[in-house]
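Student: Data: final-v3.txt, compact mmCIF, C-alpha atoms and all ligand atoms.
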```
# COMPACT_ATOMS: atom_id res chain seq x y z
CA MET B 169 -97.36 67.62 -9.14
CA ASP B 170 -98.07 67.35 -12.82
CA GLY B 171 -97.12 69.92 -15.45
CA ASN B 172 -100.21 72.00 -14.70
CA GLY B 173 -99.40 72.43 -11.01
CA ILE B 174 -102.21 70.08 -9.95
CA ILE B 175 -101.42 68.69 -6.50
CA LEU B 176 -104.67 66.83 -5.78
CA SER B 177 -106.85 65.18 -8.37
CA ILE B 178 -110.26 63.67 -7.64
CA LYS B 179 -112.05 61.82 -10.40
CA ASN B 180 -115.58 60.51 -10.30
CA LEU B 181 -115.68 59.98 -6.55
CA VAL B 182 -118.64 58.01 -5.23
CA LYS B 183 -119.34 57.15 -1.61
CA ALA B 184 -122.18 54.90 -0.53
CA PHE B 185 -123.02 53.96 3.05
CA PRO B 186 -124.98 50.83 3.90
CA LYS B 187 -128.48 51.68 5.06
CA ASP B 188 -131.02 49.12 6.17
CA ASP B 189 -130.99 46.47 3.44
CA THR B 190 -129.83 48.81 0.76
CA GLU B 191 -127.36 51.69 0.50
CA MET B 192 -127.39 55.46 0.70
CA ILE B 193 -125.35 57.35 -1.87
CA ALA B 194 -123.75 60.19 0.11
CA VAL B 195 -121.48 61.54 -2.64
CA SER B 196 -121.78 60.99 -6.37
CA GLY B 197 -119.60 61.92 -9.32
CA PHE B 198 -117.43 64.37 -7.39
CA ALA B 199 -114.49 65.54 -9.53
CA LEU B 200 -111.99 68.28 -8.78
CA ASP B 201 -108.40 69.18 -9.61
CA VAL B 202 -106.74 71.34 -6.98
CA LYS B 203 -103.70 73.46 -7.81
CA ASP B 204 -100.69 73.62 -5.56
CA GLY B 205 -101.12 76.51 -3.12
CA GLU B 206 -104.78 76.98 -3.92
CA PHE B 207 -107.38 77.86 -1.28
CA ILE B 208 -110.53 75.85 -1.96
CA CYS B 209 -113.77 76.17 -0.01
CA LEU B 210 -116.20 73.29 -0.11
CA LEU B 211 -119.59 74.85 0.52
CA GLY B 212 -122.99 73.30 0.92
CA PRO B 213 -125.90 72.60 3.26
CA SER B 214 -125.60 70.28 6.22
CA GLY B 215 -125.60 66.61 5.20
CA CYS B 216 -124.52 67.19 1.58
CA GLY B 217 -121.34 65.17 1.99
CA LYS B 218 -118.65 67.78 2.72
CA THR B 219 -117.12 65.94 5.67
CA THR B 220 -117.29 62.67 3.76
CA VAL B 221 -115.30 64.14 0.85
CA LEU B 222 -112.75 65.63 3.24
CA ARG B 223 -112.34 62.39 5.19
CA ILE B 224 -111.82 60.46 1.97
CA ILE B 225 -109.10 62.94 0.91
CA ALA B 226 -107.59 62.51 4.40
CA GLY B 227 -107.62 58.75 3.90
CA LEU B 228 -109.73 58.27 7.03
CA GLN B 229 -112.50 56.76 4.93
CA SER B 230 -112.35 54.81 1.70
CA ALA B 231 -114.12 55.75 -1.51
CA THR B 232 -116.71 53.36 -2.88
CA SER B 233 -115.35 54.15 -6.32
CA GLY B 234 -113.35 56.84 -8.03
CA GLU B 235 -109.75 57.89 -8.21
CA LEU B 236 -107.88 60.19 -5.86
CA THR B 237 -104.24 61.11 -6.35
CA LEU B 238 -101.97 63.37 -4.35
CA LYS B 239 -98.88 64.46 -6.27
CA GLY B 240 -99.66 61.71 -8.73
CA LYS B 241 -99.83 58.94 -6.10
CA PRO B 242 -103.11 57.19 -5.25
CA ILE B 243 -104.50 57.99 -1.80
CA THR B 244 -104.86 54.70 0.07
CA GLY B 245 -104.90 55.82 3.71
CA PRO B 246 -103.91 58.63 6.05
CA GLY B 247 -100.48 60.21 5.72
CA SER B 248 -98.34 63.05 7.02
CA ASP B 249 -98.74 64.76 3.63
CA ARG B 250 -102.23 65.77 4.78
CA GLY B 251 -102.98 67.70 7.98
CA MET B 252 -106.49 67.80 9.41
CA VAL B 253 -108.14 70.51 11.51
CA PHE B 254 -111.50 69.67 13.09
CA GLN B 255 -114.41 71.80 14.22
CA GLU B 256 -114.35 70.37 17.74
CA PHE B 257 -110.64 71.19 17.98
CA GLY B 258 -109.68 67.56 18.65
CA LEU B 259 -106.98 68.55 21.11
CA PHE B 260 -105.66 66.29 23.86
CA PRO B 261 -106.88 67.93 27.09
CA TRP B 262 -104.10 66.41 29.20
CA ARG B 263 -101.36 67.76 26.97
CA SER B 264 -99.93 71.27 27.00
CA VAL B 265 -100.08 73.47 23.90
CA LYS B 266 -96.49 72.51 23.08
CA LYS B 267 -97.17 68.81 23.53
CA ASN B 268 -100.32 69.01 21.43
CA VAL B 269 -98.40 70.66 18.61
CA GLU B 270 -95.64 68.05 18.89
CA PHE B 271 -98.00 65.08 18.77
CA GLY B 272 -97.51 64.17 15.10
CA LEU B 273 -93.76 64.67 15.41
CA GLU B 274 -93.66 62.22 18.33
CA VAL B 275 -95.51 59.65 16.25
CA GLN B 276 -92.95 60.17 13.50
CA GLY B 277 -90.09 59.72 16.01
CA VAL B 278 -88.60 63.19 15.47
CA ASP B 279 -85.76 63.91 17.92
CA GLU B 280 -86.07 66.32 20.86
CA THR B 281 -84.07 69.23 19.42
CA LYS B 282 -85.90 69.16 16.13
CA LYS B 283 -89.25 68.80 17.90
CA ASN B 284 -88.56 71.89 20.03
CA GLU B 285 -87.49 73.83 16.98
CA ILE B 286 -90.56 72.89 14.92
CA SER B 287 -93.12 73.41 17.69
CA LYS B 288 -91.62 76.82 18.48
CA ARG B 289 -91.85 77.86 14.84
CA PHE B 290 -95.52 76.93 14.49
CA ILE B 291 -96.57 78.19 17.91
CA ASP B 292 -94.99 81.53 16.91
CA LEU B 293 -96.66 81.39 13.51
CA VAL B 294 -100.16 81.03 14.97
CA GLY B 295 -99.52 83.73 17.57
CA LEU B 296 -99.41 81.58 20.72
CA SER B 297 -95.92 82.33 22.02
CA GLY B 298 -96.06 82.44 25.81
CA PHE B 299 -98.82 79.81 25.99
CA GLU B 300 -96.61 76.75 25.39
CA ARG B 301 -97.32 75.32 28.83
CA SER B 302 -101.04 76.12 28.94
CA HIS B 303 -103.59 73.35 28.65
CA PRO B 304 -106.60 73.42 26.28
CA ASN B 305 -109.09 74.14 29.09
CA GLN B 306 -107.18 77.37 29.81
CA LEU B 307 -107.63 78.62 26.25
CA SER B 308 -110.43 80.42 24.41
CA GLY B 309 -112.06 78.80 21.37
CA GLY B 310 -110.00 80.88 18.95
CA MET B 311 -106.78 79.95 20.75
CA LYS B 312 -107.71 76.26 20.72
CA GLN B 313 -108.16 76.42 17.00
CA ARG B 314 -104.77 78.14 16.67
CA VAL B 315 -103.32 75.08 18.43
CA GLY B 316 -105.21 72.82 16.01
CA ILE B 317 -103.73 74.67 13.05
CA ALA B 318 -100.19 74.64 14.49
CA ARG B 319 -100.48 70.92 15.17
CA ALA B 320 -101.64 70.21 11.63
CA LEU B 321 -98.84 72.30 10.13
CA ALA B 322 -96.07 70.88 12.35
CA SER B 323 -95.89 67.65 10.35
CA ASN B 324 -95.28 69.73 7.21
CA PRO B 325 -98.25 68.47 5.19
CA GLU B 326 -98.74 69.32 1.52
CA ILE B 327 -102.40 70.02 2.13
CA LEU B 328 -104.35 71.37 5.05
CA LEU B 329 -107.83 69.85 5.35
CA MET B 330 -110.15 71.91 7.53
CA ASP B 331 -113.67 70.82 8.51
CA GLU B 332 -115.74 73.82 9.60
CA PRO B 333 -112.87 74.84 11.87
CA PHE B 334 -114.42 78.14 12.92
CA GLY B 335 -118.00 76.90 13.24
CA ALA B 336 -117.94 76.91 17.04
CA LEU B 337 -116.52 80.43 17.38
CA ASP B 338 -118.40 83.68 18.00
CA ALA B 339 -118.74 85.98 14.98
CA GLN B 340 -115.95 88.37 15.95
CA THR B 341 -113.43 85.65 16.75
CA ARG B 342 -114.44 83.84 13.60
CA ASN B 343 -113.67 86.89 11.43
CA LEU B 344 -110.35 87.35 13.18
CA MET B 345 -109.43 83.69 12.69
CA GLN B 346 -110.30 83.93 8.99
CA LYS B 347 -107.79 86.78 8.63
CA GLU B 348 -105.22 84.84 10.65
CA LEU B 349 -105.71 81.76 8.50
CA LEU B 350 -105.16 83.78 5.32
CA ARG B 351 -101.95 85.21 6.79
CA ILE B 352 -100.75 81.69 7.71
CA TRP B 353 -101.73 80.39 4.27
CA GLN B 354 -99.78 83.19 2.59
CA GLU B 355 -96.73 82.60 4.80
CA THR B 356 -96.67 78.80 4.45
CA LYS B 357 -97.98 78.59 0.86
CA LYS B 358 -99.91 75.42 1.73
CA THR B 359 -102.82 74.15 -0.29
CA VAL B 360 -106.01 74.44 1.78
CA ILE B 361 -109.32 72.64 1.46
CA PHE B 362 -111.73 74.31 3.83
CA VAL B 363 -115.24 73.01 4.48
CA THR B 364 -117.92 75.47 5.49
CA HIS B 365 -121.65 76.02 5.25
CA SER B 366 -121.16 79.79 5.50
CA VAL B 367 -121.33 81.57 2.13
CA ASP B 368 -119.81 84.68 3.70
CA GLU B 369 -116.83 82.71 4.99
CA ALA B 370 -116.27 81.04 1.62
CA VAL B 371 -116.35 84.35 -0.29
CA PHE B 372 -113.95 85.90 2.21
CA LEU B 373 -111.43 83.06 2.04
CA ALA B 374 -111.44 81.12 -1.19
CA ASP B 375 -109.68 81.19 -4.54
CA ARG B 376 -112.42 78.85 -5.71
CA ILE B 377 -115.72 77.91 -4.09
CA VAL B 378 -117.04 74.44 -4.82
CA VAL B 379 -120.79 74.52 -4.19
CA MET B 380 -122.29 71.12 -3.39
CA THR B 381 -125.91 70.04 -3.48
CA GLY B 382 -127.50 67.49 -1.20
CA ARG B 383 -128.38 63.87 -1.65
CA PRO B 384 -126.52 62.56 -3.22
CA GLY B 385 -123.79 65.18 -2.75
CA LYS B 386 -122.69 66.49 -6.11
CA ILE B 387 -120.85 69.54 -7.33
CA LYS B 388 -123.42 72.07 -8.46
CA GLU B 389 -121.11 74.89 -9.45
CA ILE B 390 -117.55 76.11 -9.01
CA TYR B 391 -116.96 79.85 -8.56
CA THR B 392 -113.56 81.44 -9.07
CA VAL B 393 -113.24 84.37 -6.71
CA THR B 394 -111.04 87.07 -8.19
CA LEU B 395 -111.65 89.74 -5.53
CA PRO B 396 -108.30 91.05 -4.26
CA ARG B 397 -107.28 90.29 -0.65
CA PRO B 398 -107.76 91.51 1.99
CA ARG B 399 -111.40 91.31 0.98
CA ASP B 400 -113.90 93.91 2.02
CA ARG B 401 -117.26 92.45 3.05
CA GLY B 402 -118.89 95.78 2.24
CA HIS B 403 -117.61 95.94 -1.34
CA PRO B 404 -120.38 95.64 -3.96
CA ASP B 405 -118.56 92.77 -5.73
CA PHE B 406 -118.34 90.85 -2.45
CA ILE B 407 -122.02 91.43 -1.70
CA ASN B 408 -123.07 90.47 -5.25
CA LEU B 409 -121.16 87.21 -5.26
CA ARG B 410 -122.45 86.30 -1.81
CA LYS B 411 -126.02 86.97 -2.95
CA LYS B 412 -125.59 84.96 -6.14
CA ILE B 413 -124.39 81.90 -4.20
CA LEU B 414 -127.03 82.31 -1.49
CA ASP B 415 -129.73 82.47 -4.18
CA GLU B 416 -128.38 79.32 -5.74
CA LEU B 417 -128.43 77.46 -2.43
CA GLU B 418 -131.95 78.74 -1.79
CA GLN B 419 -133.14 77.45 -5.19
CA GLN B 420 -131.75 74.03 -4.35
CA ARG B 421 -133.66 73.95 -1.11
CA GLN B 422 -136.83 74.63 -3.03
CA GLY B 423 -135.91 71.87 -5.45
CA THR B 424 -135.98 74.09 -8.54
N1 LIG G 1 -120.27 56.71 8.71
C1 LIG G 1 -121.46 56.94 8.14
N2 LIG G 1 -122.40 55.97 8.03
C2 LIG G 1 -123.59 56.20 7.45
N3 LIG G 1 -123.95 57.38 6.94
C3 LIG G 1 -123.08 58.39 7.02
C4 LIG G 1 -121.79 58.25 7.62
N4 LIG G 1 -121.12 59.43 7.53
C5 LIG G 1 -121.96 60.27 6.92
N5 LIG G 1 -123.13 59.67 6.62
C6 LIG G 1 -124.26 60.30 5.90
O1 LIG G 1 -123.78 60.84 4.69
C7 LIG G 1 -124.38 62.11 4.44
C8 LIG G 1 -123.31 63.16 4.31
O2 LIG G 1 -122.74 63.39 5.59
P1 LIG G 1 -121.56 64.41 5.84
O3 LIG G 1 -120.46 64.14 4.89
O4 LIG G 1 -121.23 64.38 7.29
O5 LIG G 1 -122.25 65.81 5.45
P2 LIG G 1 -121.82 67.31 5.78
O6 LIG G 1 -120.43 67.30 6.32
O7 LIG G 1 -121.94 68.04 4.47
O8 LIG G 1 -122.80 67.84 6.78
C9 LIG G 1 -125.38 62.34 5.54
O9 LIG G 1 -126.64 61.91 5.13
C10 LIG G 1 -124.85 61.47 6.67
O10 LIG G 1 -125.90 61.05 7.51
MG MG G 2 -119.70 67.98 8.11
```
Is it possible to give me this structure as structure tokens?

Tutor:
Amino acid sequence: MDGNGIILSIKNLVKAFPKDDTEMIAVSGFALDVKDGEFICLLGPSGCGKTTVLRIIAGLQSATSGELTLKGKPITGPGSDRGMVFQEFGLFPWRSVKKNVEFGLEVQGVDETKKNEISKRFIDLVGLSGFERSHPNQLSGGMKQRVGIARALASNPEILLMDEPFGALDAQTRNLMQKELLRIWQETKKTVIFVTHSVDEAVFLADRIVVMTGRPGKIKEIYTVTLPRPRDRGHPDFINLRKKILDELEQQRQGT
């Protein structure tokens, strides 16, 4: 962390993928400083480079150029300081809830007592006590994503990276999981970077919304959301902000 409480700093990030004989610039000039404990939503249309940015922060993909630092150290690969939650849950079907949550701890060689203690804490935190022995195929979508969140948190990351984690859920479950995530965020005080293409979801969740445009993916605008939580989707300020962002995305689509 530097003196300004910046935990993650991204400067002039560019990502190009080879395409035919040339290359396709997927992300260009992306720059963002994220404060410790902040809830950031990365919002933009499909294909604008959201997953690419997230995977580069996770260290799962390298940047073509640019500078990324986490707590002042360059990001050069994956690490336990970042926890990832995927849309498709990414759970191991043959493992129980408890064993899924303990996966990262096993990799780190954490001893049995400590593992039990940590998995219990995070299974409790996400509201899955009593389901320790269940397997993913016995769980609803919302419950699977609770496991995904508990697993990501169990390794005690600095930052939680979430890629459209509620995209596969029905509307009601999705709204419930958004509230649950905010509760977990407030209890754990983690920094969250949450990718979504839902404006409504971003306005409900974020401290700041980073709106991206497509091809190459660039930051179009950053909105600071000052609405108090819990947010009311029916409040005029909520509706106005949602409309403003929707209009902006619509303009982009029309190329104006
Ligand atoms: N591994 C890859 N190889 C080539 N092109 C890719 C790869 N990953 C993503 N892309 C391209 O980069 C662009 C951004 O993709 P992505 O980051 O997945 O967007 P989003 O998550 O916003 O939908 C898309 O045009 C996609 O086809
Ligand atoms: Mg994506």

Student: With all atoms listed in the file as the atoms that count, which of B:Glu326, B:Glu256, B:Asp405, B:Asp292 lies nearest to ligand MG 2 (chain G)?

Tutor: B:Glu256

Student: Interatomic distance between atom CA of Gly251 of chain B and atom CA of Lys358 of chain B?

Tutor: 10.4 Å

Student: Hey, which residues sit close to ligand LIG 1 (chain G)? Say within 10 Å, counting all atoms listed in the file, and write them as a ChimeraX atom specification.

Tutor: /B:183-187,191-195,210-224,229,331-332,363-365,380-385

Student: Which residue, B:Met330, B:Val294, B:Val265, B:Ala199, has the smallest gap to ligand MG 2 (chain G) when you use only C-alpha atoms and all ligand atoms?

Tutor: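 Among the listed residues, the smallest separation from ligand MG 2 (chain G) belongs to B:Met330.
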
Student: Find the residues near Gln354 of chain B: any atom within 12 Å, counting only C-alpha atoms, skip ones fewer than 5 places away on the same chain, and give them as a list in words.

Tutor: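 Those residues are Gly205, Glu206, Phe207, Leu293, Lys347, Glu348, Leu349, Thr359, Val360, Leu373, Arg397 and Pro398 of chain B.
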
Student: Next, dump the selected residues to file, keeping only C-alpha atoms, as an mmCIF file, in the frame of the given file.

Tutor:
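Output contents, as saved in selection.cif:
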```
data_model
loop_
_atom_site.group_PDB
_atom_site.id
_atom_site.type_symbol
_atom_site.label_atom_id
_atom_site.label_comp_id
_atom_site.auth_asym_id
_atom_site.auth_seq_id
_atom_site.Cartn_x
_atom_site.Cartn_y
_atom_site.Cartn_z
ATOM 1 C CA GLY B 205 -101.120 76.510 -3.120
ATOM 2 C CA GLU B 206 -104.780 76.980 -3.920
ATOM 3 C CA PHE B 207 -107.380 77.860 -1.280
ATOM 4 C CA LEU B 293 -96.660 81.390 13.510
ATOM 5 C CA LYS B 347 -107.790 86.780 8.630
ATOM 6 C CA GLU B 348 -105.220 84.840 10.650
ATOM 7 C CA LEU B 349 -105.710 81.760 8.500
ATOM 8 C CA THR B 359 -102.820 74.150 -0.290
ATOM 9 C CA VAL B 360 -106.010 74.440 1.780
ATOM 10 C CA LEU B 373 -111.430 83.060 2.040
ATOM 11 C CA ARG B 397 -107.280 90.290 -0.650
ATOM 12 C CA PRO B 398 -107.760 91.510 1.990
#
```

Student: Could you add N, CA and C atoms to segment 213-224 of chain B and give me the result as a PDB file, keeping the file's coordinate frame?

Tutor:
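And here is the file that came out, rebuild-v1.pdb:
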```pdb
ATOM      1  N   PRO B 213    -125.066  72.781   2.073  1.00  0.00           N
ATOM      2  CA  PRO B 213    -125.900  72.600   3.260  1.00  0.00           C
ATOM      3  C   PRO B 213    -125.482  71.382   4.071  1.00  0.00           C
ATOM      4  N   SER B 214    -125.896  71.375   5.307  1.00  0.00           N
ATOM      5  CA  SER B 214    -125.600  70.280   6.220  1.00  0.00           C
ATOM      6  C   SER B 214    -126.069  68.951   5.618  1.00  0.00           C
ATOM      7  N   GLY B 215    -125.213  67.941   5.686  1.00  0.00           N
ATOM      8  CA  GLY B 215    -125.600  66.610   5.200  1.00  0.00           C
ATOM      9  C   GLY B 215    -125.337  66.382   3.718  1.00  0.00           C
ATOM     10  N   CYS B 216    -124.720  67.350   3.027  1.00  0.00           N
ATOM     11  CA  CYS B 216    -124.520  67.190   1.580  1.00  0.00           C
ATOM     12  C   CYS B 216    -123.259  66.393   1.249  1.00  0.00           C
ATOM     13  N   GLY B 217    -122.486  66.036   2.254  1.00  0.00           N
ATOM     14  CA  GLY B 217    -121.340  65.170   1.990  1.00  0.00           C
ATOM     15  C   GLY B 217    -119.975  65.839   2.079  1.00  0.00           C
ATOM     16  N   LYS B 218    -119.913  67.038   2.634  1.00  0.00           N
ATOM     17  CA  LYS B 218    -118.650  67.780   2.720  1.00  0.00           C
ATOM     18  C   LYS B 218    -117.613  67.043   3.570  1.00  0.00           C
ATOM     19  N   THR B 219    -118.041  66.648   4.762  1.00  0.00           N
ATOM     20  CA  THR B 219    -117.120  65.940   5.670  1.00  0.00           C
ATOM     21  C   THR B 219    -116.681  64.616   5.050  1.00  0.00           C
ATOM     22  N   THR B 220    -117.619  63.953   4.397  1.00  0.00           N
ATOM     23  CA  THR B 220    -117.290  62.670   3.760  1.00  0.00           C
ATOM     24  C   THR B 220    -116.187  62.865   2.712  1.00  0.00           C
ATOM     25  N   VAL B 221    -116.336  63.875   1.859  1.00  0.00           N
ATOM     26  CA  VAL B 221    -115.300  64.140   0.850  1.00  0.00           C
ATOM     27  C   VAL B 221    -113.958  64.425   1.528  1.00  0.00           C
ATOM     28  N   LEU B 222    -113.993  65.258   2.558  1.00  0.00           N
ATOM     29  CA  LEU B 222    -112.750  65.630   3.240  1.00  0.00           C
ATOM     30  C   LEU B 222    -112.073  64.425   3.895  1.00  0.00           C
ATOM     31  N   ARG B 223    -112.898  63.571   4.524  1.00  0.00           N
ATOM     32  CA  ARG B 223    -112.340  62.390   5.190  1.00  0.00           C
ATOM     33  C   ARG B 223    -111.776  61.386   4.185  1.00  0.00           C
ATOM     34  N   ILE B 224    -112.358  61.355   3.002  1.00  0.00           N
ATOM     35  CA  ILE B 224    -111.820  60.460   1.970  1.00  0.00           C
ATOM     36  C   ILE B 224    -110.470  61.018   1.459  1.00  0.00           C
TER      37      ILE B 224
END
```
